[in-house]
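Colleague: Structure supplied as run_28.cif; contents: mmCIF, C-alpha atoms and all ligand atoms.
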data_upload
loop_
_atom_site.label_atom_id
_atom_site.label_comp_id
_atom_site.auth_asym_id
_atom_site.auth_seq_id
_atom_site.Cartn_x
_atom_site.Cartn_y
_atom_site.Cartn_z
CA MET A 51 -4.48 -22.48 -10.04
CA LEU A 52 -7.16 -20.03 -11.12
CA ASN A 53 -7.93 -21.36 -14.59
CA GLY A 54 -11.43 -20.40 -15.73
CA LYS A 55 -11.81 -17.74 -13.01
CA ILE A 56 -12.38 -14.07 -13.73
CA ALA A 57 -10.81 -11.46 -11.46
CA LEU A 58 -11.61 -7.76 -11.28
CA VAL A 59 -8.86 -5.56 -9.84
CA THR A 60 -9.50 -1.89 -9.05
CA GLY A 61 -6.54 0.44 -9.41
CA GLY A 62 -4.94 -2.34 -11.44
CA ALA A 63 -3.03 -0.11 -13.86
CA ARG A 64 0.04 0.27 -11.67
CA GLY A 65 1.64 -0.46 -8.31
CA ILE A 66 0.21 -3.20 -6.10
CA GLY A 67 -2.94 -3.60 -8.23
CA ARG A 68 -0.86 -4.21 -11.34
CA ALA A 69 1.22 -6.85 -9.53
CA ILE A 70 -1.94 -8.57 -8.27
CA ALA A 71 -3.49 -8.54 -11.76
CA LEU A 72 -0.33 -10.07 -13.28
CA LYS A 73 -0.03 -12.69 -10.53
CA LEU A 74 -3.67 -13.80 -10.84
CA ALA A 75 -3.22 -13.91 -14.62
CA SER A 76 -0.08 -16.04 -14.23
CA GLN A 77 -2.27 -18.52 -12.32
CA GLY A 78 -4.71 -18.66 -15.24
CA ALA A 79 -7.39 -16.09 -14.33
CA ASP A 80 -8.88 -13.69 -16.87
CA ILE A 81 -8.48 -10.13 -15.64
CA ALA A 82 -10.54 -6.93 -15.65
CA ILE A 83 -8.82 -3.71 -14.64
CA LEU A 84 -10.81 -0.70 -13.51
CA ASP A 85 -8.75 2.40 -12.85
CA ALA A 86 -9.43 6.12 -12.61
CA GLY A 87 -6.04 7.01 -14.12
CA SER A 88 -5.00 6.98 -17.77
CA LEU A 89 -6.66 4.30 -19.87
CA GLU A 90 -3.38 4.02 -21.76
CA LEU A 91 -1.61 2.74 -18.64
CA SER A 92 -4.43 0.29 -17.88
CA GLU A 93 -4.28 -0.92 -21.49
CA GLN A 94 -0.50 -1.42 -21.20
CA THR A 95 -1.03 -3.63 -18.16
CA ALA A 96 -3.89 -5.44 -19.93
CA GLU A 97 -1.62 -6.09 -22.92
CA GLU A 98 1.04 -7.58 -20.63
CA ILE A 99 -1.64 -9.78 -19.10
CA ARG A 100 -2.78 -10.99 -22.53
CA GLY A 101 0.84 -11.96 -23.12
CA LEU A 102 0.38 -14.53 -20.35
CA GLY A 103 -2.29 -16.27 -22.44
CA VAL A 104 -5.45 -15.13 -20.64
CA ARG A 105 -8.12 -12.57 -21.49
CA ALA A 106 -7.89 -9.02 -20.19
CA PHE A 107 -10.27 -6.08 -20.22
CA ALA A 108 -9.53 -2.53 -19.08
CA ALA A 109 -11.85 0.42 -18.52
CA ARG A 110 -11.73 3.81 -16.86
CA CYS A 111 -13.82 3.97 -13.73
CA ASP A 112 -13.86 6.25 -10.70
CA ILE A 113 -14.94 3.88 -7.95
CA THR A 114 -16.40 6.72 -5.86
CA ASP A 115 -19.20 7.18 -8.41
CA TYR A 116 -21.85 4.43 -8.23
CA ASP A 117 -23.14 5.11 -11.75
CA GLN A 118 -19.62 4.63 -13.15
CA VAL A 119 -19.16 1.52 -11.01
CA THR A 120 -22.37 -0.18 -12.18
CA ALA A 121 -21.66 0.76 -15.82
CA ALA A 122 -18.09 -0.56 -15.62
CA VAL A 123 -19.15 -3.79 -13.91
CA ALA A 124 -21.73 -4.32 -16.68
CA GLN A 125 -18.95 -3.78 -19.27
CA VAL A 126 -16.73 -6.32 -17.49
CA LYS A 127 -19.54 -8.89 -17.43
CA GLU A 128 -20.21 -8.28 -21.12
CA ALA A 129 -16.52 -8.58 -22.02
CA LEU A 130 -15.48 -11.50 -19.81
CA GLY A 131 -18.71 -13.14 -18.63
CA GLY A 132 -18.79 -12.40 -14.89
CA VAL A 133 -16.61 -11.88 -11.84
CA ASP A 134 -15.40 -14.63 -9.49
CA ILE A 135 -12.71 -12.68 -7.64
CA LEU A 136 -13.01 -9.01 -6.65
CA VAL A 137 -9.83 -7.26 -5.52
CA ASN A 138 -10.52 -3.85 -4.01
CA ASN A 139 -7.10 -2.29 -4.35
CA ALA A 140 -7.62 1.32 -5.55
CA GLY A 141 -6.63 3.78 -2.87
CA ILE A 142 -5.21 7.25 -2.33
CA THR A 143 -3.40 9.23 0.35
CA ARG A 144 -3.60 12.92 1.28
CA ASP A 145 -1.21 13.00 4.23
CA LYS A 146 -1.13 15.94 6.63
CA LEU A 147 -1.26 16.41 10.37
CA ALA A 148 -4.89 16.50 11.46
CA LEU A 149 -4.41 20.17 12.35
CA ARG A 150 -3.84 21.03 8.70
CA MET A 151 -6.04 18.38 7.12
CA THR A 152 -9.04 19.96 5.42
CA PRO A 153 -12.52 18.43 5.51
CA GLU A 154 -12.05 17.91 1.75
CA ASP A 155 -8.80 15.95 2.34
CA PHE A 156 -10.70 13.74 4.76
CA ASP A 157 -13.69 13.20 2.47
CA ALA A 158 -11.54 12.49 -0.61
CA VAL A 159 -9.60 9.68 1.06
CA LEU A 160 -12.65 8.16 2.77
CA SER A 161 -14.51 8.35 -0.51
CA VAL A 162 -11.99 6.32 -2.56
CA ASN A 163 -10.61 3.94 0.06
CA LEU A 164 -13.76 3.08 1.99
CA LYS A 165 -16.84 4.13 0.04
CA GLY A 166 -15.29 2.99 -3.26
CA THR A 167 -14.60 -0.44 -1.77
CA PHE A 168 -18.20 -0.64 -0.54
CA LEU A 169 -19.61 0.43 -3.91
CA MET A 170 -17.63 -2.25 -5.75
CA ILE A 171 -18.85 -4.92 -3.34
CA LYS A 172 -22.41 -3.62 -3.62
CA ALA A 173 -22.31 -3.74 -7.42
CA LEU A 174 -21.29 -7.42 -7.40
CA TYR A 175 -23.07 -8.58 -4.24
CA ALA A 176 -26.17 -10.04 -5.92
CA ASP A 177 -24.06 -11.80 -8.59
CA PHE A 178 -21.87 -13.42 -5.95
CA MET A 179 -24.97 -14.54 -4.01
CA ARG A 180 -26.53 -16.07 -7.11
CA ARG A 181 -23.31 -17.90 -8.03
CA ARG A 182 -22.89 -19.17 -4.46
CA SER A 183 -19.15 -18.72 -4.73
CA GLY A 184 -16.67 -15.91 -4.85
CA ARG A 185 -13.70 -14.24 -3.32
CA ILE A 186 -13.46 -10.65 -2.13
CA ILE A 187 -10.02 -9.33 -1.22
CA ASN A 188 -9.73 -5.82 0.18
CA ILE A 189 -6.42 -4.00 0.41
CA ALA A 190 -6.29 -2.32 3.82
CA SER A 191 -3.07 -1.09 5.46
CA ILE A 192 -1.18 -1.42 8.71
CA SER A 193 -2.02 2.30 9.14
CA GLY A 194 -5.60 1.21 9.69
CA LEU A 195 -4.49 -1.19 12.44
CA MET A 196 -1.91 0.89 14.32
CA GLY A 197 -2.59 4.50 13.26
CA ASN A 198 0.02 6.73 11.68
CA ALA A 199 0.75 10.39 12.36
CA GLY A 200 -0.22 12.44 9.32
CA GLN A 201 -2.76 9.89 8.12
CA ALA A 202 -5.96 10.57 10.10
CA ASN A 203 -8.00 10.26 6.92
CA TYR A 204 -6.09 7.28 5.49
CA SER A 205 -5.88 5.24 8.70
CA ALA A 206 -9.57 5.88 9.44
CA SER A 207 -10.46 4.74 5.91
CA LYS A 208 -8.38 1.57 6.21
CA ALA A 209 -9.76 0.78 9.68
CA GLY A 210 -13.15 1.16 8.03
CA VAL A 211 -12.12 -1.32 5.35
CA VAL A 212 -11.34 -3.82 8.12
CA GLY A 213 -14.84 -3.42 9.61
CA LEU A 214 -16.39 -3.64 6.16
CA THR A 215 -14.40 -6.80 5.41
CA LYS A 216 -15.60 -8.57 8.56
CA THR A 217 -19.22 -7.55 7.98
CA ILE A 218 -19.24 -8.73 4.36
CA ALA A 219 -17.51 -11.95 5.44
CA ARG A 220 -20.37 -12.58 7.89
CA GLU A 221 -23.11 -11.61 5.42
CA LEU A 222 -21.86 -13.83 2.61
CA ALA A 223 -20.32 -16.80 4.43
CA SER A 224 -23.46 -18.94 4.09
CA ARG A 225 -23.15 -18.54 0.29
CA ASN A 226 -19.60 -19.87 0.20
CA ILE A 227 -18.14 -16.44 -0.46
CA THR A 228 -15.07 -15.33 1.46
CA CYS A 229 -14.00 -11.77 2.19
CA ASN A 230 -10.57 -11.01 3.59
CA ALA A 231 -8.27 -8.02 3.91
CA ILE A 232 -4.57 -7.68 3.30
CA ALA A 233 -2.75 -5.08 5.40
CA PRO A 234 0.49 -4.14 3.64
CA GLY A 235 3.28 -2.25 5.37
CA PHE A 236 5.68 -0.12 3.32
CA ILE A 237 5.61 -1.33 -0.28
CA GLU A 238 7.68 0.10 -3.16
CA THR A 239 5.11 1.75 -5.44
CA PRO A 240 4.38 5.21 -6.91
CA MET A 241 2.37 5.88 -3.71
CA THR A 242 5.39 5.49 -1.42
CA ALA A 243 7.68 7.16 -3.97
CA SER A 244 5.64 10.33 -3.44
CA MET A 245 6.12 10.22 0.36
CA ASN A 246 8.81 12.10 2.31
CA GLN A 247 11.80 9.82 1.57
CA ASP A 248 13.73 10.71 4.78
CA ALA A 249 10.74 9.77 6.93
CA LEU A 250 10.26 6.61 4.90
CA GLU A 251 13.92 5.62 5.31
CA GLU A 252 13.65 6.20 9.06
CA ALA A 253 10.50 4.07 9.30
CA CYS A 254 12.15 1.28 7.27
CA LYS A 255 14.86 0.94 9.95
CA SER A 256 12.16 -0.53 12.22
CA ILE A 257 11.14 -3.25 9.77
CA PRO A 258 12.41 -6.57 11.20
CA LEU A 259 12.99 -7.98 7.70
CA ARG A 260 15.05 -4.85 6.92
CA ARG A 261 13.55 -3.96 3.57
CA MET A 262 10.50 -2.41 2.02
CA GLY A 263 8.04 -4.84 0.51
CA LYS A 264 7.58 -5.32 -3.21
CA PRO A 265 4.16 -5.26 -4.90
CA GLU A 266 4.72 -8.96 -5.63
CA ASP A 267 4.87 -9.70 -1.87
CA VAL A 268 1.27 -8.49 -1.62
CA ALA A 269 0.25 -10.15 -4.89
CA ASN A 270 1.43 -13.56 -3.65
CA LEU A 271 -0.96 -13.40 -0.70
CA ALA A 272 -3.80 -12.14 -2.90
CA ALA A 273 -3.31 -15.13 -5.20
CA PHE A 274 -3.45 -17.51 -2.24
CA LEU A 275 -6.61 -15.88 -0.83
CA ALA A 276 -8.20 -16.13 -4.28
CA SER A 277 -7.40 -19.84 -4.56
CA ASP A 278 -9.40 -22.89 -3.49
CA ASP A 279 -6.75 -23.60 -0.87
CA ALA A 280 -7.95 -20.52 1.07
CA GLY A 281 -11.57 -21.68 1.18
CA TYR A 282 -11.72 -21.85 4.98
CA ILE A 283 -10.31 -18.34 5.55
CA THR A 284 -12.79 -15.49 5.84
CA GLY A 285 -13.01 -12.24 7.79
CA SER A 286 -9.25 -12.29 8.28
CA VAL A 287 -6.84 -9.38 8.10
CA ILE A 288 -3.36 -10.57 7.13
CA ASN A 289 -0.31 -8.33 7.29
CA VAL A 290 2.35 -8.22 4.57
CA ASP A 291 4.75 -5.88 6.32
CA GLY A 292 8.09 -7.57 6.98
CA GLY A 293 7.11 -7.84 10.65
CA PHE A 294 6.68 -4.07 11.10
CA PHE A 295 3.44 -4.37 13.06
CA MET A 296 3.26 -7.47 15.21
CA ARG A 297 0.26 -7.77 17.48
P1 LIG A 301 -0.73 3.62 -6.44
O1 LIG A 301 -1.02 5.06 -6.17
O2 LIG A 301 0.59 3.26 -7.03
O3 LIG A 301 -1.88 3.00 -7.36
C1 LIG A 301 -3.23 3.17 -7.03
C2 LIG A 301 -4.06 3.04 -8.28
O4 LIG A 301 -5.43 3.26 -7.90
C3 LIG A 301 -3.71 4.09 -9.33
O5 LIG A 301 -3.65 3.50 -10.61
C4 LIG A 301 -4.84 5.08 -9.20
O6 LIG A 301 -5.14 5.78 -10.40
C5 LIG A 301 -6.02 4.17 -8.83
N1 LIG A 301 -7.10 4.96 -8.26
C6 LIG A 301 -7.00 6.01 -7.40
N2 LIG A 301 -8.22 6.51 -7.14
C7 LIG A 301 -9.10 5.77 -7.85
C8 LIG A 301 -10.51 5.81 -8.01
N3 LIG A 301 -11.27 6.74 -7.41
N4 LIG A 301 -11.10 4.89 -8.80
C9 LIG A 301 -10.35 3.96 -9.43
N5 LIG A 301 -9.02 3.88 -9.34
C10 LIG A 301 -8.40 4.78 -8.56
O7 LIG A 301 -0.96 2.89 -5.05
P2 LIG A 301 -0.33 1.53 -4.46
O8 LIG A 301 -0.18 0.51 -5.51
O9 LIG A 301 0.82 1.88 -3.61
O10 LIG A 301 -1.51 1.13 -3.46
C11 LIG A 301 -2.52 0.19 -3.79
C12 LIG A 301 -3.34 -0.09 -2.55
O11 LIG A 301 -2.50 -0.57 -1.51
C13 LIG A 301 -4.04 1.15 -1.98
O12 LIG A 301 -5.30 0.80 -1.47
C14 LIG A 301 -3.12 1.56 -0.86
O13 LIG A 301 -3.80 2.30 0.13
C15 LIG A 301 -2.68 0.21 -0.35
N6 LIG A 301 -1.45 0.24 0.42
C16 LIG A 301 -0.26 0.66 -0.16
C17 LIG A 301 0.90 0.66 0.59
C18 LIG A 301 2.21 1.07 0.02
O14 LIG A 301 3.19 1.11 0.78
N7 LIG A 301 2.32 1.37 -1.26
C19 LIG A 301 0.88 0.27 2.00
C20 LIG A 301 -0.40 -0.15 2.49
C21 LIG A 301 -1.51 -0.16 1.72
P3 LIG A 301 -4.67 7.34 -10.60
O15 LIG A 301 -3.72 7.30 -11.73
O16 LIG A 301 -5.95 8.06 -10.87
O17 LIG A 301 -4.06 7.80 -9.32
#
Can you give me the file's structure in the form of structure tokens?
Ligand code: NDP
Modeller:
Amino acid sequence: MLNGKIALVTGGARGIGRAIALKLASQGADIAILDAGSLELSEQTAEEIRGLGVRAFAARCDITDYDQVTAAVAQVKEALGGVDILVNNAGITRDKLALRMTPEDFDAVLSVNLKGTFLMIKALYADFMRRRSGRIINIASISGLMGNAGQANYSASKAGVVGLTKTIARELASRNITCNAIAPGFIETPMTASMNQDALEEACKSIPLRRMGKPEDVANLAAFLASDDAGYITGSVINVDGGFFMR
């Protein structure tokens, strides 16, 4: 259980982030949602979370902007008292073959998925050190482990998240802080709904468990990694992909 813990989830308004926020709340954690999208949607999720009997705080924040990140983290601390669990979930895609991918497409995806994750960790790093406890969970992707045609920017960003995860795990291990990554496969969310559905259907035929994942499949692992039971796991990258990418 996560009673008395405070979790911050980026991109928590919808999709996988929303499922993680609700799951952690169902285990007793208070939840802060930072999302660049509509505050109304974040507030809707926060209201659902409050319905589970815990506290929830939502704010707009573009995680690529360090001033916004530090201001939002300060608001979270003011509203809820601190952060024990950081879930770096916010992410975007701008899929195109590398031939057609613009430098701006590349920068935009690297900026949210990799730099944004770094900025969130940086903003809470000193707090975690002082508290001598904490959990950092980064949402990577199997694209970052195996590559994916049309995702040069996205797979590079997620491979970067894996390197970042292992480095932070090493830097903070002596302070009893763990940092792990989850690598989802194909999960039913607005992100995959916007993909080419024929290509997606074709890819799903190669999933050994014969179905796309649900946001809750990812949330279940996030809740475990956030728990005391996962205290001896750090620097790990764990797939939630129905067996799609077995190494
Ligand atoms: P969604 O697009 O459904 O949700 C992502 C959320 O992140 C949105 O609410 C979005 O807000 C927010 N966001 C985007 N950019 C920023 C930003 N700069 N600052 C703060 N918030 C931002 O995505 P998913 O739920 O599908 O994906 C969640 C994570 O899981 C991502 O990191 C993704 O790469 C990863 N993943 C997803 C897979 C899938 O199959 N769905 C597979 C593997 C990994 P806005 O309204 O502004 O877009």
Colleague: For ligand LIG 301 (chain A), list the contacting residues at 7 Å or closer, counting all atoms listed in the file, as a VMD selection string.
Modeller: chain A and resid 60 to 67 84 to 88 111 to 114 139 to 143 162 to 163 166 189 to 192 233 to 242
Colleague: In Å to one decimal, how far is atom CA of A:Val59 from atom CA of A:Ala75?
Modeller: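 Separation between atom CA of A:Ala75 and atom CA of A:Val59: 11.2 Å.
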Colleague: For A:Ala206, which residue among A:Leu259, A:Met170, A:Ala124, A:Val159 is the nearest when counting all atoms listed in the file?
Modeller: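 Residue with the minimum atom-to-atom distance to A:Ala206: A:Val159.
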Colleague: Quick one: pull the distance between atom CA of A:Ala209 and atom CA of A:Gly194, Å, one decimal.
Modeller: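 Rounded to one decimal, the two atoms are 4.2 Å apart.
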Colleague: Please write as a PDB file with C-alpha atoms, in the coordinates of the input the list of polymer residues whose atoms come within 7 Å of (-15.0, -3.2, -0.3), counting only C-alpha atoms and keeping to the coordinates of the file.
Modeller:
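File selection_2.pdb, as written:
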ATOM      1  CA  ASN A 138     -10.520  -3.850  -4.010  1.00  0.00           C
ATOM      2  CA  LEU A 164     -13.760   3.080   1.990  1.00  0.00           C
ATOM      3  CA  GLY A 166     -15.290   2.990  -3.260  1.00  0.00           C
ATOM      4  CA  THR A 167     -14.600  -0.440  -1.770  1.00  0.00           C
ATOM      5  CA  PHE A 168     -18.200  -0.640  -0.540  1.00  0.00           C
ATOM      6  CA  LEU A 169     -19.610   0.430  -3.910  1.00  0.00           C
ATOM      7  CA  MET A 170     -17.630  -2.250  -5.750  1.00  0.00           C
ATOM      8  CA  ILE A 171     -18.850  -4.920  -3.340  1.00  0.00           C
ATOM      9  CA  ASN A 188      -9.730  -5.820   0.180  1.00  0.00           C
ATOM     10  CA  VAL A 211     -12.120  -1.320   5.350  1.00  0.00           C
ATOM     11  CA  LEU A 214     -16.390  -3.640   6.160  1.00  0.00           C
ATOM     12  CA  THR A 215     -14.400  -6.800   5.410  1.00  0.00           C
TER      13      THR A 215
END
Colleague: Could you give me the axis-aligned bounding box of stretch 263-276 of chain A, with 5 Å of padding per side, as centre plus edge lengths in Å to one decimal, as JSON?
Modeller:
{"center_x": -0.1, "center_y": -11.2, "center_z": -2.6, "size_x": 26.2, "size_y": 22.7, "size_z": 16.1}
Colleague: If you measure from atom CA of A:Asp291 to atom CA of A:Ile257, what distance in Å do you get, rounded to one decimal?
Modeller: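 One can read the atom CA of A:Asp291 to atom CA of A:Ile257 distance as 7.7 Å.
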Colleague: Which is closest to A:Ser224 among A:Tyr116, A:Tyr204, A:Phe178, A:Phe274, if we use all atoms listed in the file?
Modeller: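 The closest residue to A:Ser224 is A:Phe178.
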Colleague: So that I can see what lies close to A:Glu93, please list as a PyMOL selection string the residues with an atom at most 9 Å from it, counting only C-alpha atoms and leaving out residues fewer than 3 positions away in the same chain.
Modeller: chain A and resi 63+83+88-90+96-98+106-109
Colleague: If you count only C-alpha atoms, which residues fall within 9 Å of A:Asn53, apart from same-chain ones fewer than 3 positions away, as a list in words?
Modeller: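 So the residues in contact are Ile56, Ala75, Gln77, Gly78, Ala79 and Asp80 of chain A.
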Colleague: Taking only C-alpha atoms into account, which of A:Thr95, A:Leu222, A:Ala231, A:Asp155 comes nearest A:Arg68?
Modeller: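 Once distances to A:Arg68 are computed over only C-alpha atoms, the minimum belongs to A:Thr95.
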Colleague: Per residue of stretch 107-214 of chain A within 10 Å of stretch 275-279 of chain A, record the nearest atom pair and its distance in Å to one decimal, counting only C-alpha atoms, with rows in chain order and ascending residue number, as JSON lines.
Modeller:
{"residue": "A:Asp134", "atom": "CA", "partner": "A:Ala276", "partner_atom": "CA", "distance": 9.0}
{"residue": "A:Ile135", "atom": "CA", "partner": "A:Ala276", "partner_atom": "CA", "distance": 6.6}
{"residue": "A:Leu136", "atom": "CA", "partner": "A:Ala276", "partner_atom": "CA", "distance": 8.9}
{"residue": "A:Val137", "atom": "CA", "partner": "A:Ala276", "partner_atom": "CA", "distance": 9.1}
{"residue": "A:Gly184", "atom": "CA", "partner": "A:Ala276", "partner_atom": "CA", "distance": 8.5}
{"residue": "A:Arg185", "atom": "CA", "partner": "A:Ala276", "partner_atom": "CA", "distance": 5.9}
{"residue": "A:Ile186", "atom": "CA", "partner": "A:Ala276", "partner_atom": "CA", "distance": 7.9}
{"residue": "A:Ile187", "atom": "CA", "partner": "A:Leu275", "partner_atom": "CA", "distance": 7.4}
Colleague: Which of these residues is nearest to A:Met51, using only C-alpha atoms: A:Ile288, A:Ala173, A:Ala273, A:Met296?
Modeller: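 Looking at the shortest contact to A:Met51, the residue is A:Ala273.
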Colleague: Need to verify the contact set: A:Pro258, 12 Å, all atoms listed in the file, exclusion of same-chain residues closer than 4 positions in sequence. Can you return it as a list in words?
Modeller: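 Close residues of A:Pro258: Gly235, Ala253, Cys254, Met262, Gly263, Asp291, Gly292, Gly293, Phe294, Phe295 and Met296 of chain A.
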Colleague: From the set A:Asn246, A:Ser205, A:Ser76, A:Asn226, which residue has the shortest atom-to-atom contact distance to A:Arg181, counting only C-alpha atoms?
Modeller: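 Closest candidate: A:Asn226.
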